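Structure first, then comments.
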Amino acid sequence: MNAVRTGFDRFTGWVTGAKHAGYSLSALRILYGIAIVSFLLTSLADRHYLWGVASRWVDPEARRRAWFPLFEVVFTKDSAFLFDLAYGALIVLGVLFLIGWQTRFVTPVLLVFWVGLATNSTVLTNGGDTILRITLLFLVFANLSRHWSVDAWLARRRGREPRPLLRGRLAIPEWLGNAANNTAVLLCGYQIMLVYVNSGIYKLMGPEWREGTAFYYSLVLDVFRPFPALSDLAWQIAPFVWVATFLSVWVQLLFPVLVLWRPTRIVALGFTILMHLGIGLFLGLWPFSLAMIALDLLFVRDRTWVATGRWATHAGGVLRQLLPDRSASVGREAAERPVTTAAGSPS
């Protein structure tokens with residue numbers, strides 16, 4: 001009983017004591033922003049056909065919105081001008097989210113616009129869209145701009161943190177803000193575990209995954225071959241196909257256990273990140289890949305980010321010492337060059 005009480009006290013202390021995963025949340029914000037903005041820009045030419053006034057071709061599904069009326073107001077199918085206005089606003093929101101400007105206000109508005117666009121044509125959604133919508137709801141309560149953001153830069157320039165929205169008696173207690181941030185982290189972590197475990201279970205139901213050939217069939221799908229030559233090269237390496245298929249099943253299935261111990265967590269995160277980079281490269285599903293990688297990074301602790309930054313700074317200093325100093329060599333050449341007098345002879 002004492003052990004349970006001690007564990008509960010440690011957990012509540014972790015949740016309410018301080019905001020965690022500051023670097024990971026900032027990295028997640030950047031990757032989410034890249035995924036959203038790149039998706040919107042690459043779909044710009046076909047926006048009306050996919051979600052706007054020309055998307056009635058998917059009727060009756062186009063009329064089956066199944067969401068709150070608010071989302072129908074954000075992205076209308078009756079006016080191309082209003083749709084373009086909302087689409088442009090969503091791109092701007094994505095850019096502001098990416099650079100980390102006023103994320104406290106931008107994130108909830110971005111969520112409303114992103115869900116509104118998705119509801120215009122529900123048949124176009126995929127796993128990446130779903131995971132983005134779910135986790136963006138959690139991230140409304142997290143501090144996403146503590147690092148690598150305009151908000152952080154402005155705070156350093158002013159020499160103080162941004163003023164809270166509510167002050168005095170209405171001020172939100174620090175422990176409550178910490179709890180909101182850390183609860184969002186826990187919910188996002190739970191969501192990615194849920195995705196991996198369910199994916200592993202469903203993979204085990206397919207004979208191709210158990211036999212080690214599923215990766216081959218993924219590489220030969222014509223609709224998911226942005227680089228056919230690269231895909232053809234990959235599937236011809238039989239050991240690579242078998243190992244990738246086998247590991248993708250068992251690492252996903254055992255992911256919640258693997259992240260509990262640091263050595264296995266490093267292996268699991270390394271594999272899942274490489275796996276999603278491969279999905280983006282071989283299948284062209286970059287928004288999905290970036291979203292999953294961003295969520296994987298939530299399992300990287302802040303002190304690991306700090307240590308990695310120090311190592312990168314040290315490595316950069318060593319590299320600069322090894323490389324020739326171009327400015328110094330130019331200065332020496334200028335000093336050694338003879339000075340020509342007005343008469344034309346060197347002095």
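Here's how to read the names in the structure tokens: chain A, B, ... by the order shown, residue numbers from 1 in each chain, ligand numbers from 1 in the order shown.
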
Test item, alpha helix (DSSP H) assignment across segment 148-311 of chain A, answer as a ChimeraX atom specification
/A:150-158,174-205,207-211,214-219,228-235,238-253,255-258,262-278,286-296,302-311

Exercise for the section: Tell me, as JSON, numbers by chain, which residues lie within 10 Å of segment 215-232 of chain A, counting only C-alpha atoms; anything in the same chain fewer than 4 positions away does not count. Expected result: {"A": [208, 209, 236, 237, 238, 240, 241, 242, 243, 244, 245, 246, 248, 279, 280, 281, 282, 283, 284, 285]}

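Closest to Tyr23 of chain A among A:Val37, A:Ala268, A:Ala152, A:Ala179 is A:Ala152, based on only C-alpha atoms.
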
Looking at only C-alpha atoms, which of A:Ala80, A:Phe8, A:Arg146, A:Arg265 is the one that sits closest to Asp302 of chain A?
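Using only C-alpha atoms, Asp302 of chain A sits closest to A:Arg146.
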